[in-house]
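A short write-up of the structure that comes next.
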Amino acid sequence: ENVDLMKMLASAQEENGDTADAEKTVKRALQVEPDEPELHLILGKLSVETGQLDQAIHHLSQGIAHKAANTDGYLMLSKVYEQQREFTKALDALKQAMDAEPNDTRSYLAAANLYRNSKNYNAAEKVLQKAVQIDPQDVTIRRQLGALLALKLVHHSQEASSQS
């Protein structure tokens with residue numbers, strides 16, 4: 001059986017909302033190519049969509065194991081851990097993404113968001129500064145850094161006024 005054809009079929013099924021059929025197609029393809037990272041990532045994504053987060057972690061981890069330089073897999077895995085409120089594991093996945101593909105700024109942006117949401121503004125600033133070094137022309141990164149610095153200033157002034 002042609003695995004590429006099954007991947008396309010699964011993608012079409014997913015786009016049409018046929019998650020169960022897409023899952024069956026991917027599982028059939030995995031029987032032919034059990035080490036195909038993209039199939040595991042697709043199955044991980046489908047598992048997220050159906051709320052099976054433990055299955056998602058399993059399949060995303062399998063996809064990453066077969067292809068380490070896989071920012072998409074790490075980003076999805078991080079989001080699943082974030083949904084499970086496992087922020088340390090989410091950050092670990094993002095750090096692995098940074099190590100695997102150090103010039104892909106998406107993992108830095110995701111880490112900055114996690115840090116910002118947990119009010120660790122200094123860590124968020126540090127990863128955004130690194131992202132700016134990687135891609136100084138990216139306006140989105142610069143905007144996020146500016147917004148974070150403004151947030152830090154407001155937070156700092158609120159702390160100062162509450163102490164006086």
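Each chain in the structure tokens gets a letter, A, B and so on, in the order shown; residues start at 1 in every chain, and ligands are counted from 1 in the order they appear.
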Name the residues in contact with stretch 127-131 of chain A at a cut-off of 8 Å, using only C-alpha atoms, excluding same-chain residues fewer than 5 positions from it; report them as a tab-separated table (two decimals) with C-alpha atoms, in the first residue's frame.
```tsv
chain	number	residue	atom	x	y	z
A	105	THR	CA	11.80	31.12	16.23
A	108	TYR	CA	11.08	30.72	21.32
A	109	LEU	CA	7.74	32.51	20.84
A	111	ALA	CA	8.24	29.52	25.36
A	112	ALA	CA	7.90	33.28	25.82
A	136	PRO	CA	15.91	40.67	13.65
A	141	ILE	CA	8.76	39.05	17.62
A	144	GLN	CA	5.74	40.75	21.42
A	145	LEU	CA	8.96	41.94	23.02
```
**OP:** Run DSSP on the backbone and give me the residues of chain A it puts in helix (DSSP H, G or I), as a PyMOL selection string.
**Re:** chain A and resi 3-15+19-32+37-49+53-66+71-83+87-100+106-117+121-134+139-163
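Distance-wise, atom CA of A:Val139 and atom CA of A:Asn117 end up 21.1 Å apart.
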**OP:** Name the residues in contact with A:Val3 at a cut-off of 12 Å, using only C-alpha atoms, excluding same-chain residues fewer than 5 positions from it; report them as a list of chain:residue names.
**Re:**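 Non-adjacent residues within range: A:Met8, A:Leu9, A:Ala10, A:Thr25, A:Val26, A:Lys27, A:Arg28, A:Ala29, A:Leu30, A:Gln31, A:Val32, A:Glu33, A:Pro34, A:Asp35, A:Glu36, A:Pro37, A:Glu38, A:Leu39.
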Test item: residues at most 9 Å from stretch 85-95 of chain A, only C-alpha atoms, excluding those fewer than 2 positions along its chain, as a PDB file with N, CA and C atoms, in the first residue's frame:
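Result file part_11.pdb:
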```pdb
ATOM      1  N   THR A  71      10.376  20.562  14.776  1.00  0.00           N
ATOM      2  CA  THR A  71       9.781  21.635  15.572  1.00  0.00           C
ATOM      3  C   THR A  71       8.273  21.493  15.678  1.00  0.00           C
ATOM      4  N   TYR A  74       7.458  19.009  18.407  1.00  0.00           N
ATOM      5  CA  TYR A  74       7.724  19.567  19.731  1.00  0.00           C
ATOM      6  C   TYR A  74       6.688  20.624  20.109  1.00  0.00           C
ATOM      7  N   LEU A  75       6.297  21.466  19.145  1.00  0.00           N
ATOM      8  CA  LEU A  75       5.298  22.503  19.424  1.00  0.00           C
ATOM      9  C   LEU A  75       3.954  21.880  19.802  1.00  0.00           C
ATOM     10  N   LEU A  77       3.500  18.844  21.004  1.00  0.00           N
ATOM     11  CA  LEU A  77       3.686  18.169  22.294  1.00  0.00           C
ATOM     12  C   LEU A  77       3.630  19.185  23.435  1.00  0.00           C
ATOM     13  N   SER A  78       4.260  20.318  23.239  1.00  0.00           N
ATOM     14  CA  SER A  78       4.238  21.369  24.252  1.00  0.00           C
ATOM     15  C   SER A  78       2.814  21.848  24.524  1.00  0.00           C
ATOM     16  N   LYS A  79       2.031  22.020  23.463  1.00  0.00           N
ATOM     17  CA  LYS A  79       0.639  22.467  23.629  1.00  0.00           C
ATOM     18  C   LYS A  79      -0.191  21.435  24.407  1.00  0.00           C
ATOM     19  N   VAL A  80       0.063  20.154  24.133  1.00  0.00           N
ATOM     20  CA  VAL A  80      -0.663  19.102  24.858  1.00  0.00           C
ATOM     21  C   VAL A  80      -0.304  19.159  26.342  1.00  0.00           C
ATOM     22  N   TYR A  81       0.995  19.269  26.632  1.00  0.00           N
ATOM     23  CA  TYR A  81       1.407  19.370  28.034  1.00  0.00           C
ATOM     24  C   TYR A  81       0.810  20.618  28.689  1.00  0.00           C
ATOM     25  N   GLU A  82       0.746  21.706  27.930  1.00  0.00           N
ATOM     26  CA  GLU A  82       0.153  22.934  28.465  1.00  0.00           C
ATOM     27  C   GLU A  82      -1.332  22.717  28.785  1.00  0.00           C
ATOM     28  N   GLN A  83      -2.039  22.010  27.902  1.00  0.00           N
ATOM     29  CA  GLN A  83      -3.455  21.702  28.164  1.00  0.00           C
ATOM     30  C   GLN A  83      -3.618  20.863  29.425  1.00  0.00           C
ATOM     31  N   ALA A  97      13.032  21.550  21.174  1.00  0.00           N
ATOM     32  CA  ALA A  97      12.829  22.117  19.836  1.00  0.00           C
ATOM     33  C   ALA A  97      13.912  23.142  19.532  1.00  0.00           C
ATOM     34  N   MET A  98      14.239  23.972  20.521  1.00  0.00           N
ATOM     35  CA  MET A  98      15.289  24.980  20.337  1.00  0.00           C
ATOM     36  C   MET A  98      16.634  24.318  20.069  1.00  0.00           C
ATOM     37  N   ASP A  99      16.911  23.231  20.787  1.00  0.00           N
ATOM     38  CA  ASP A  99      18.170  22.507  20.580  1.00  0.00           C
ATOM     39  C   ASP A  99      18.201  21.837  19.209  1.00  0.00           C
ATOM     40  N   ALA A 100      17.071  21.260  18.802  1.00  0.00           N
ATOM     41  CA  ALA A 100      17.005  20.529  17.534  1.00  0.00           C
ATOM     42  C   ALA A 100      17.063  21.473  16.336  1.00  0.00           C
ATOM     43  N   SER A 107       9.527  28.105  18.451  1.00  0.00           N
ATOM     44  CA  SER A 107       9.658  27.525  19.789  1.00  0.00           C
ATOM     45  C   SER A 107       9.998  28.608  20.819  1.00  0.00           C
ATOM     46  N   TYR A 108      10.750  29.620  20.409  1.00  0.00           N
ATOM     47  CA  TYR A 108      11.075  30.720  21.317  1.00  0.00           C
ATOM     48  C   TYR A 108       9.818  31.531  21.647  1.00  0.00           C
ATOM     49  N   ALA A 110       6.711  30.436  21.548  1.00  0.00           N
ATOM     50  CA  ALA A 110       5.844  29.610  22.397  1.00  0.00           C
ATOM     51  C   ALA A 110       6.350  29.603  23.840  1.00  0.00           C
ATOM     52  N   ALA A 111       7.671  29.503  24.011  1.00  0.00           N
ATOM     53  CA  ALA A 111       8.245  29.522  25.362  1.00  0.00           C
ATOM     54  C   ALA A 111       7.997  30.878  26.026  1.00  0.00           C
ATOM     55  N   LEU A 114       4.499  30.950  27.325  1.00  0.00           N
ATOM     56  CA  LEU A 114       4.358  30.166  28.561  1.00  0.00           C
ATOM     57  C   LEU A 114       4.922  30.925  29.759  1.00  0.00           C
ATOM     58  N   TYR A 115       6.105  31.486  29.574  1.00  0.00           N
ATOM     59  CA  TYR A 115       6.721  32.246  30.666  1.00  0.00           C
ATOM     60  C   TYR A 115       5.870  33.462  31.040  1.00  0.00           C
TER      61      TYR A 115
END
```
What are the closest atom pairs, with distances in Å to one decimal, for each residue of stretch 85-150 of chain A lying within 12 Å of stretch 155-163 of chain A, using only C-alpha atoms, rows by chain and rising residue number, as JSON lines?
```
{"residue": "A:Arg116", "atom": "CA", "partner": "A:His155", "partner_atom": "CA", "distance": 11.6}
{"residue": "A:Lys119", "atom": "CA", "partner": "A:His155", "partner_atom": "CA", "distance": 9.3}
{"residue": "A:Asn120", "atom": "CA", "partner": "A:His155", "partner_atom": "CA", "distance": 11.1}
{"residue": "A:Tyr121", "atom": "CA", "partner": "A:His155", "partner_atom": "CA", "distance": 9.4}
{"residue": "A:Asn122", "atom": "CA", "partner": "A:His156", "partner_atom": "CA", "distance": 11.6}
{"residue": "A:Leu148", "atom": "CA", "partner": "A:His155", "partner_atom": "CA", "distance": 10.2}
{"residue": "A:Leu149", "atom": "CA", "partner": "A:His155", "partner_atom": "CA", "distance": 9.7}
{"residue": "A:Ala150", "atom": "CA", "partner": "A:His155", "partner_atom": "CA", "distance": 8.5}
```
Serialized selection, C-alpha atoms, as an mmCIF file, in the first residue's frame:
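Written out: result_30.cif:
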```
data_model
loop_
_atom_site.group_PDB
_atom_site.id
_atom_site.type_symbol
_atom_site.label_atom_id
_atom_site.label_comp_id
_atom_site.auth_asym_id
_atom_site.auth_seq_id
_atom_site.Cartn_x
_atom_site.Cartn_y
_atom_site.Cartn_z
ATOM 1 C CA ARG A 116 4.575 35.367 30.275
ATOM 2 C CA LYS A 119 4.277 35.846 35.091
ATOM 3 C CA ASN A 120 7.953 34.951 34.652
ATOM 4 C CA TYR A 121 8.580 38.100 32.652
ATOM 5 C CA ASN A 122 12.385 37.973 32.867
ATOM 6 C CA LEU A 148 6.217 42.244 27.217
ATOM 7 C CA LEU A 149 8.470 45.134 28.231
ATOM 8 C CA ALA A 150 5.395 47.339 28.704
#
```
Subject >> Who sits within 12 Å of stretch 49-51 of chain A, only C-alpha atoms, same chain under 5 positions skipped, as a PyMOL selection string >> reply: chain A and resi 14-15+17-20+22-23+42-44+56-57+76+80+83-84
Original post:
Which residue gives the smallest distance to A:Ala123 among A:Gln52, A:Lys152, A:His59, A:Pro102, with only C-alpha atoms counted?
Top reply: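 Closest to A:Ala123, using only C-alpha atoms: A:Lys152.
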